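Enquirer: Here you go, this is upload10.pdb (PDB, C-alpha atoms).
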```
ATOM      1  CA  MET A   1      74.674   9.879 -10.735
ATOM      2  CA  GLN A   2      72.259   7.490  -9.039
ATOM      3  CA  LEU A   3      72.988   4.326 -10.972
ATOM      4  CA  ASP A   4      70.556   2.241  -8.922
ATOM      5  CA  LEU A   5      67.651   4.541  -9.819
ATOM      6  CA  ILE A   6      68.625   4.542 -13.504
ATOM      7  CA  LEU A   7      68.798   0.732 -13.589
ATOM      8  CA  ALA A   8      65.535   0.431 -11.687
ATOM      9  CA  LEU A   9      63.645   2.594 -14.179
ATOM     10  CA  ALA A  10      65.352   0.885 -17.127
ATOM     11  CA  GLY A  11      64.200  -2.470 -15.736
ATOM     12  CA  ALA A  12      60.681  -1.135 -15.313
ATOM     13  CA  GLY A  13      60.749   0.163 -18.877
ATOM     14  CA  ILE A  14      61.815  -3.230 -20.247
ATOM     15  CA  ALA A  15      59.168  -5.094 -18.263
ATOM     16  CA  LEU A  16      56.379  -2.734 -19.335
ATOM     17  CA  GLY A  17      57.649  -2.707 -22.912
ATOM     18  CA  VAL A  18      57.512  -6.497 -23.142
ATOM     19  CA  PHE A  19      54.056  -6.544 -21.565
ATOM     20  CA  GLU A  20      52.701  -3.861 -23.894
ATOM     21  CA  GLY A  21      54.368  -5.557 -26.847
ATOM     22  CA  ILE A  22      52.553  -8.857 -26.407
ATOM     23  CA  ARG A  23      49.311  -7.446 -25.008
ATOM     24  CA  PRO A  24      46.519  -7.498 -27.609
ATOM     25  CA  GLY A  25      45.769  -4.009 -28.806
ATOM     26  CA  PRO A  26      45.143  -1.911 -31.912
ATOM     27  CA  LEU A  27      48.830  -1.567 -32.846
ATOM     28  CA  LEU A  28      49.568  -5.290 -32.464
ATOM     29  CA  THR A  29      46.507  -6.062 -34.567
ATOM     30  CA  MET A  30      47.745  -3.612 -37.203
ATOM     31  CA  VAL A  31      51.226  -5.185 -37.155
ATOM     32  CA  ILE A  32      49.710  -8.638 -37.775
ATOM     33  CA  ARG A  33      47.439  -7.253 -40.492
ATOM     34  CA  GLU A  34      50.324  -5.591 -42.324
ATOM     35  CA  THR A  35      52.468  -8.724 -42.021
ATOM     36  CA  LEU A  36      49.754 -10.917 -43.500
ATOM     37  CA  THR A  37      49.225  -8.549 -46.420
ATOM     38  CA  GLY A  38      52.779  -7.372 -47.114
ATOM     39  CA  GLY A  39      55.200  -9.658 -45.290
ATOM     40  CA  TRP A  40      57.616  -9.036 -42.442
ATOM     41  CA  SER A  41      58.958  -5.732 -43.775
ATOM     42  CA  ALA A  42      55.453  -4.247 -43.779
ATOM     43  CA  GLY A  43      54.765  -5.554 -40.270
ATOM     44  CA  ALA A  44      58.135  -4.291 -39.048
ATOM     45  CA  ARG A  45      57.433  -0.809 -40.389
ATOM     46  CA  ALA A  46      54.117  -0.739 -38.549
ATOM     47  CA  ALA A  47      55.914  -1.939 -35.390
ATOM     48  CA  LEU A  48      58.198   1.108 -35.518
ATOM     49  CA  ALA A  49      55.244   3.413 -34.847
ATOM     50  CA  PRO A  50      55.963   3.881 -31.101
ATOM     51  CA  ILE A  51      59.159   5.768 -31.938
ATOM     52  CA  PHE A  52      57.158   8.509 -33.619
ATOM     53  CA  THR A  53      54.025   8.336 -31.462
ATOM     54  CA  ASP A  54      55.126   7.466 -27.932
ATOM     55  CA  GLY A  55      58.367   9.432 -28.256
ATOM     56  CA  PRO A  56      56.805  12.903 -28.495
ATOM     57  CA  ILE A  57      54.024  11.904 -26.097
ATOM     58  CA  ILE A  58      56.643  10.886 -23.520
ATOM     59  CA  ILE A  59      58.244  14.312 -23.670
ATOM     60  CA  VAL A  60      54.922  16.159 -23.503
ATOM     61  CA  SER A  61      53.521  13.888 -20.799
ATOM     62  CA  ILE A  62      56.237  14.839 -18.347
ATOM     63  CA  PHE A  63      54.990  18.421 -18.451
ATOM     64  CA  LEU A  64      51.254  17.806 -18.986
ATOM     65  CA  SER A  65      50.545  14.734 -16.847
ATOM     66  CA  GLY A  66      48.799  16.824 -14.217
ATOM     67  CA  TRP A  67      46.839  18.909 -16.712
ATOM     68  CA  ILE A  68      45.507  16.019 -18.837
ATOM     69  CA  ALA A  69      44.005  14.328 -15.785
ATOM     70  CA  ASP A  70      41.573  17.276 -15.556
ATOM     71  CA  GLN A  71      40.758  17.379 -19.309
ATOM     72  CA  PRO A  72      38.264  14.581 -20.115
ATOM     73  CA  THR A  73      37.269  16.347 -23.355
ATOM     74  CA  VAL A  74      40.696  15.590 -24.849
ATOM     75  CA  LEU A  75      40.440  11.857 -24.160
ATOM     76  CA  PHE A  76      36.817  11.867 -25.323
ATOM     77  CA  LEU A  77      37.744  13.270 -28.741
ATOM     78  CA  ILE A  78      40.684  10.889 -29.124
ATOM     79  CA  SER A  79      38.440   7.944 -28.259
ATOM     80  CA  ILE A  80      35.852   8.892 -30.908
ATOM     81  CA  LEU A  81      38.476   9.417 -33.608
ATOM     82  CA  GLY A  82      40.204   6.170 -32.707
ATOM     83  CA  ALA A  83      36.950   4.216 -32.862
ATOM     84  CA  GLY A  84      36.139   5.504 -36.351
ATOM     85  CA  PHE A  85      39.639   4.810 -37.637
ATOM     86  CA  LEU A  86      39.639   1.228 -36.342
ATOM     87  CA  VAL A  87      36.222   0.501 -37.872
ATOM     88  CA  TRP A  88      37.549   1.637 -41.250
ATOM     89  CA  PHE A  89      40.568  -0.654 -41.110
ATOM     90  CA  GLY A  90      38.470  -3.460 -39.656
ATOM     91  CA  ILE A  91      36.230  -3.351 -42.718
ATOM     92  CA  ASP A  92      39.318  -3.276 -44.929
ATOM     93  CA  CYS A  93      40.483  -6.570 -43.420
ATOM     94  CA  PHE A  94      37.474  -8.308 -44.982
ATOM     95  CA  ARG A  95      38.163  -6.845 -48.428
ATOM     96  CA  ILE A  96      41.815  -7.924 -48.785
ATOM     97  CA  GLU A  97      42.351 -10.823 -51.162
ATOM     98  CA  PRO A  98      44.864 -13.602 -50.365
ATOM     99  CA  PRO A  99      48.187 -13.062 -52.177
ATOM    100  CA  ASP A 100      48.906 -15.131 -55.260
ATOM    101  CA  PRO A 101      51.902 -17.355 -54.396
ATOM    102  CA  ASP A 102      52.908 -17.384 -58.067
ATOM    103  CA  LEU A 103      53.289 -13.621 -58.112
ATOM    104  CA  GLY A 104      55.439 -13.434 -54.999
ATOM    105  CA  GLN A 105      54.958 -11.140 -52.055
ATOM    106  CA  GLU A 106      53.263  -7.855 -52.749
ATOM    107  CA  GLU A 107      55.076  -4.761 -51.582
ATOM    108  CA  ILE A 108      52.626  -2.889 -49.381
ATOM    109  CA  THR A 109      53.139   0.848 -49.008
ATOM    110  CA  GLY A 110      51.859   2.990 -46.185
ATOM    111  CA  SER A 111      52.363   0.326 -43.478
ATOM    112  CA  PHE A 112      54.414   2.658 -41.322
ATOM    113  CA  MET A 113      51.905   5.504 -41.609
ATOM    114  CA  ARG A 114      48.984   3.193 -40.782
ATOM    115  CA  GLY A 115      50.861   2.034 -37.686
ATOM    116  CA  VAL A 116      51.565   5.619 -36.640
ATOM    117  CA  ILE A 117      47.936   6.712 -37.117
ATOM    118  CA  THR A 118      46.682   3.645 -35.247
ATOM    119  CA  ASN A 119      48.856   4.437 -32.268
ATOM    120  CA  LEU A 120      48.148   8.174 -32.361
ATOM    121  CA  LEU A 121      44.406   7.476 -32.178
ATOM    122  CA  ASN A 122      44.747   4.888 -29.419
ATOM    123  CA  PRO A 123      43.556   6.623 -26.234
ATOM    124  CA  ASN A 124      45.273   3.983 -24.091
ATOM    125  CA  VAL A 125      48.641   5.399 -25.187
ATOM    126  CA  TYR A 126      47.726   8.820 -23.837
ATOM    127  CA  VAL A 127      46.181   7.399 -20.675
ATOM    128  CA  PHE A 128      49.324   5.364 -19.979
ATOM    129  CA  TRP A 129      51.867   8.124 -20.549
ATOM    130  CA  PHE A 130      49.923  11.060 -19.135
ATOM    131  CA  LEU A 131      48.562   9.281 -16.063
ATOM    132  CA  ILE A 132      51.232   6.650 -15.338
ATOM    133  CA  GLY A 133      54.464   7.008 -17.277
ATOM    134  CA  GLY A 134      54.621  10.796 -17.167
ATOM    135  CA  PRO A 135      54.206  11.206 -13.396
ATOM    136  CA  LEU A 136      56.672   8.335 -12.802
ATOM    137  CA  MET A 137      59.337   9.952 -14.970
ATOM    138  CA  ALA A 138      58.630  13.397 -13.566
ATOM    139  CA  SER A 139      59.130  12.216  -9.991
ATOM    140  CA  ALA A 140      62.322  10.339 -10.881
ATOM    141  CA  ALA A 141      63.739  13.323 -12.745
ATOM    142  CA  ASP A 142      63.860  15.275  -9.507
ATOM    143  CA  GLU A 143      66.439  12.818  -8.160
ATOM    144  CA  GLU A 144      68.236  11.678 -11.335
ATOM    145  CA  PRO A 145      67.757  13.400 -14.727
ATOM    146  CA  LEU A 146      68.972  10.328 -16.651
ATOM    147  CA  ALA A 147      66.426   7.978 -15.057
ATOM    148  CA  PRO A 148      63.465   9.099 -17.231
ATOM    149  CA  VAL A 149      65.654   8.753 -20.332
ATOM    150  CA  ALA A 150      66.590   5.194 -19.364
ATOM    151  CA  TYR A 151      62.940   4.364 -18.726
ATOM    152  CA  ALA A 152      61.680   5.794 -22.018
ATOM    153  CA  LEU A 153      64.414   4.249 -24.184
ATOM    154  CA  SER A 154      64.165   0.800 -22.603
ATOM    155  CA  PHE A 155      60.377   0.856 -23.006
ATOM    156  CA  LEU A 156      60.452   1.877 -26.674
ATOM    157  CA  ILE A 157      63.202  -0.588 -27.628
ATOM    158  CA  SER A 158      61.456  -3.457 -25.830
ATOM    159  CA  ILE A 159      57.998  -2.884 -27.300
ATOM    160  CA  ILE A 160      59.392  -2.556 -30.850
ATOM    161  CA  ILE A 161      61.520  -5.718 -30.587
ATOM    162  CA  VAL A 162      58.589  -7.733 -29.241
ATOM    163  CA  LYS A 163      56.196  -6.572 -31.962
ATOM    164  CA  MET A 164      58.786  -7.191 -34.699
ATOM    165  CA  THR A 165      59.292 -10.701 -33.339
ATOM    166  CA  ILE A 166      55.553 -11.333 -33.502
ATOM    167  CA  ALA A 167      55.525  -9.983 -37.070
ATOM    168  CA  LEU A 168      58.345 -12.382 -37.984
ATOM    169  CA  PHE A 169      56.357 -15.314 -36.619
ATOM    170  CA  PHE A 170      53.325 -14.427 -38.716
ATOM    171  CA  HIS A 171      55.542 -13.809 -41.742
ATOM    172  CA  ARG A 172      57.081 -17.291 -41.550
ATOM    173  CA  THR A 173      53.687 -18.945 -41.312
ATOM    174  CA  ARG A 174      52.151 -16.703 -43.964
ATOM    175  CA  GLY A 175      53.412 -18.694 -46.930
ATOM    176  CA  SER A 176      51.916 -21.936 -45.607
ATOM    177  CA  LEU A 177      48.480 -20.427 -44.977
ATOM    178  CA  SER A 178      45.685 -21.601 -47.238
ATOM    179  CA  PRO A 179      43.383 -18.911 -48.709
ATOM    180  CA  THR A 180      40.744 -19.895 -46.172
ATOM    181  CA  ALA A 181      43.173 -19.681 -43.239
ATOM    182  CA  TYR A 182      44.501 -16.406 -44.614
ATOM    183  CA  ARG A 183      41.025 -14.890 -44.784
ATOM    184  CA  THR A 184      40.260 -16.273 -41.324
ATOM    185  CA  ALA A 185      43.391 -14.682 -39.837
ATOM    186  CA  LEU A 186      42.604 -11.321 -41.435
ATOM    187  CA  GLY A 187      38.965 -11.668 -40.380
ATOM    188  CA  ILE A 188      40.091 -12.147 -36.786
ATOM    189  CA  CYS A 189      42.171  -8.986 -37.116
ATOM    190  CA  GLY A 190      39.118  -7.174 -38.455
ATOM    191  CA  LEU A 191      36.921  -8.400 -35.619
ATOM    192  CA  GLY A 192      39.655  -7.441 -33.170
ATOM    193  CA  MET A 193      39.663  -3.899 -34.547
ATOM    194  CA  PHE A 194      35.874  -3.760 -34.246
ATOM    195  CA  GLY A 195      36.208  -4.913 -30.634
ATOM    196  CA  PHE A 196      38.799  -2.290 -29.811
ATOM    197  CA  SER A 197      36.694   0.381 -31.490
ATOM    198  CA  LEU A 198      33.783  -0.585 -29.220
ATOM    199  CA  GLY A 199      36.110  -0.314 -26.248
ATOM    200  CA  PHE A 200      37.005   3.218 -27.306
ATOM    201  CA  VAL A 201      33.315   4.064 -27.753
ATOM    202  CA  PHE A 202      32.530   2.811 -24.245
ATOM    203  CA  GLN A 203      35.459   4.797 -22.902
ATOM    204  CA  ALA A 204      34.108   7.911 -24.614
ATOM    205  CA  TYR A 205      30.628   7.110 -23.293
ATOM    206  CA  GLY A 206      31.972   6.964 -19.760
ATOM    207  CA  LEU A 207      33.470  10.426 -20.220
ATOM    208  CA  ILE A 208      30.186  12.014 -21.391
ATOM    209  CA  PRO A 209      29.053  13.080 -17.876
ATOM    210  CA  GLU A 210      32.355  14.899 -17.387
ATOM    211  CA  VAL A 211      32.528  16.389 -20.899
ATOM    212  CA  PHE A 212      28.948  17.657 -21.043
ATOM    213  CA  ALA A 213      28.441  18.418 -17.361
TER     214      ALA A 213
END
```
Please express the file's structure as structure tokens.
Expert:
Amino acid sequence: MQLDLILALAGAGIALGVFEGIRPGPLLTMVIRETLTGGWSAGARAALAPIFTDGPIIIVSIFLSGWIADQPTVLFLISILGAGFLVWFGIDCFRIEPPDPDLGQEEITGSFMRGVITNLLNPNVYVFWFLIGGPLMASAADEEPLAPVAYALSFLISIIIVKMTIALFFHRTRGSLSPTAYRTALGICGLGMFGFSLGFVFQAYGLIPEVFA
């Protein structure tokens, strides 16, 4: 057992997990959105999405990292689907009414599924694991089979903890938000989703010469 290699990949997984956890993106925006509408439990459920999205992708990426690099059509389709999905939820952010403090916190259902779908349709997840994470784990597995496991677990645990912490912050400030501030915060989330959807469209646009060559 090469303990130094295992620890090195675990450290890399933690560092990347923290970075991806705080980096603005569709899933973080969804976590904030769910927290503002349904409280910390809703945001936390959305934050758990990487377990069910990145987990299977991690396993597949080890075997398909080389193949996906030569398949621009796959990333093109994911980009288009992701853009449409984010526009839909972006519009929804402008239709949500501030919660009535006299009625208590509304229990929002479907937060986990919305988080999962958001991450599944985020092409950056596939780009990262198929083109970066997958090859890294595949090369390490040749020397130490446990190293990829340490990398994947440390990454997933780190990114979930960071996003749950961010959800907790927004939950604690949620009750003190005025209706105007509440709508502003959700509006920012909506605009953020529109922005990310445009990013996905541009990514798909850049793939057109390869897809339709």
Enquirer: If the PyMOL selection byres ((chain A and resi 89) around 10) is run on the structure shown, which residues does it catch, given as a PyMOL selection string?
Expert: chain A and resi 30+33+84-88+90-95+114+118+189-190+193-194
Enquirer: Okay, now the selection with C-alpha atoms, as a PDB file, in the frame of the given file?
Expert:
```pdb
ATOM      1  CA  MET A  30      47.745  -3.612 -37.203  1.00  0.00           C
ATOM      2  CA  ARG A  33      47.439  -7.253 -40.492  1.00  0.00           C
ATOM      3  CA  GLY A  84      36.139   5.504 -36.351  1.00  0.00           C
ATOM      4  CA  PHE A  85      39.639   4.810 -37.637  1.00  0.00           C
ATOM      5  CA  LEU A  86      39.639   1.228 -36.342  1.00  0.00           C
ATOM      6  CA  VAL A  87      36.222   0.501 -37.872  1.00  0.00           C
ATOM      7  CA  TRP A  88      37.549   1.637 -41.250  1.00  0.00           C
ATOM      8  CA  GLY A  90      38.470  -3.460 -39.656  1.00  0.00           C
ATOM      9  CA  ILE A  91      36.230  -3.351 -42.718  1.00  0.00           C
ATOM     10  CA  ASP A  92      39.318  -3.276 -44.929  1.00  0.00           C
ATOM     11  CA  CYS A  93      40.483  -6.570 -43.420  1.00  0.00           C
ATOM     12  CA  PHE A  94      37.474  -8.308 -44.982  1.00  0.00           C
ATOM     13  CA  ARG A  95      38.163  -6.845 -48.428  1.00  0.00           C
ATOM     14  CA  ARG A 114      48.984   3.193 -40.782  1.00  0.00           C
ATOM     15  CA  THR A 118      46.682   3.645 -35.247  1.00  0.00           C
ATOM     16  CA  CYS A 189      42.171  -8.986 -37.116  1.00  0.00           C
ATOM     17  CA  GLY A 190      39.118  -7.174 -38.455  1.00  0.00           C
ATOM     18  CA  MET A 193      39.663  -3.899 -34.547  1.00  0.00           C
ATOM     19  CA  PHE A 194      35.874  -3.760 -34.246  1.00  0.00           C
TER      20      PHE A 194
END
```
Enquirer: Quote the spacing between CA of Ala181 in chain A and CA of Ile32 in chain A in Å to one decimal place.
Expert: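 So the answer is 13.9 Å.
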Enquirer: So which one's closest to Gly43 in chain A, A:Phe112, A:Phe200, A:Tyr182, A:Tyr151? Using only C-alpha atoms, please.
Expert: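 Result for the nearest residue to Gly43 in chain A: A:Phe112.
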Enquirer: For Leu207 in chain A, which of A:Pro72, A:Gly192, A:Gly39, A:Pro145 is the closest residue, counting only C-alpha atoms?
Expert: A:Pro72
Enquirer: Report as a list in words the residues that result from applying the PyMOL selection byres ((chain A and resi 113) around 12) to the structure here.
Expert: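 This file, filtered by the PyMOL selection byres ((chain A and resi 113) around 12), leaves Leu27, Met30, Val31, Glu34, Ala42, Gly43, Ala44, Arg45, Ala46, Ala47, Leu48, Ala49, Pro50, Phe52, Thr53, Ile108, Thr109, Gly110, Ser111, Phe112, Arg114, Gly115, Val116, Ile117, Thr118, Asn119 and Leu120 of chain A.
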Enquirer: I'd like to know which of A:Phe76, A:Tyr126, A:Phe63, A:Phe155 is closest to Gly13 in chain A, using all atoms listed in the file.
Expert: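 When distances to Gly13 in chain A are compared using all atoms listed in the file, the smallest one comes from A:Phe155.
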Enquirer: Figure out the distance between CA of Phe170 in chain A and CA of Ser41 in chain A, please, to one decimal in Å.
Expert: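 These atoms are spaced 11.5 Å apart.
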Enquirer: For each of A:Gly55, A:Gly38, A:Pro26, A:Tyr205, take the minimum atom-to-atom distance to Ile157 in chain A, counting only C-alpha atoms, then give the residue where this is smallest.
Expert: A:Gly55
Enquirer: Under the rule that all atoms listed in the file are counted, which of A:Ile6, A:Leu75, A:Leu36, A:Ile166 is the nearest residue to Ala185 in chain A?
Expert: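 Of A:Ile6, A:Leu75, A:Leu36, A:Ile166, the one nearest Ala185 in chain A, counting all atoms listed in the file, is A:Leu36.
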Enquirer: Which residue gives the smallest distance to Phe19 in chain A among A:Ala213, A:Ile160, A:Leu198, A:Leu7, with only C-alpha atoms counted?
Expert: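 Ranked by minimum distance to Phe19 in chain A, first place goes to A:Ile160.
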Enquirer: Please write the residues picked by the PyMOL selection byres ((chain A and resi 208) around 12) on this file as JSON, numbers by chain.
Expert: {"A": [72, 73, 74, 75, 76, 77, 79, 80, 201, 202, 203, 204, 205, 206, 207, 209, 210, 211, 212, 213]}
Enquirer: What gap, in Å, lies between CA of Gly187 in chain A and CA of Ile161 in chain A?
Expert: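 About the pair CA of Gly187 in chain A and CA of Ile161 in chain A: they are 25.3 Å apart.
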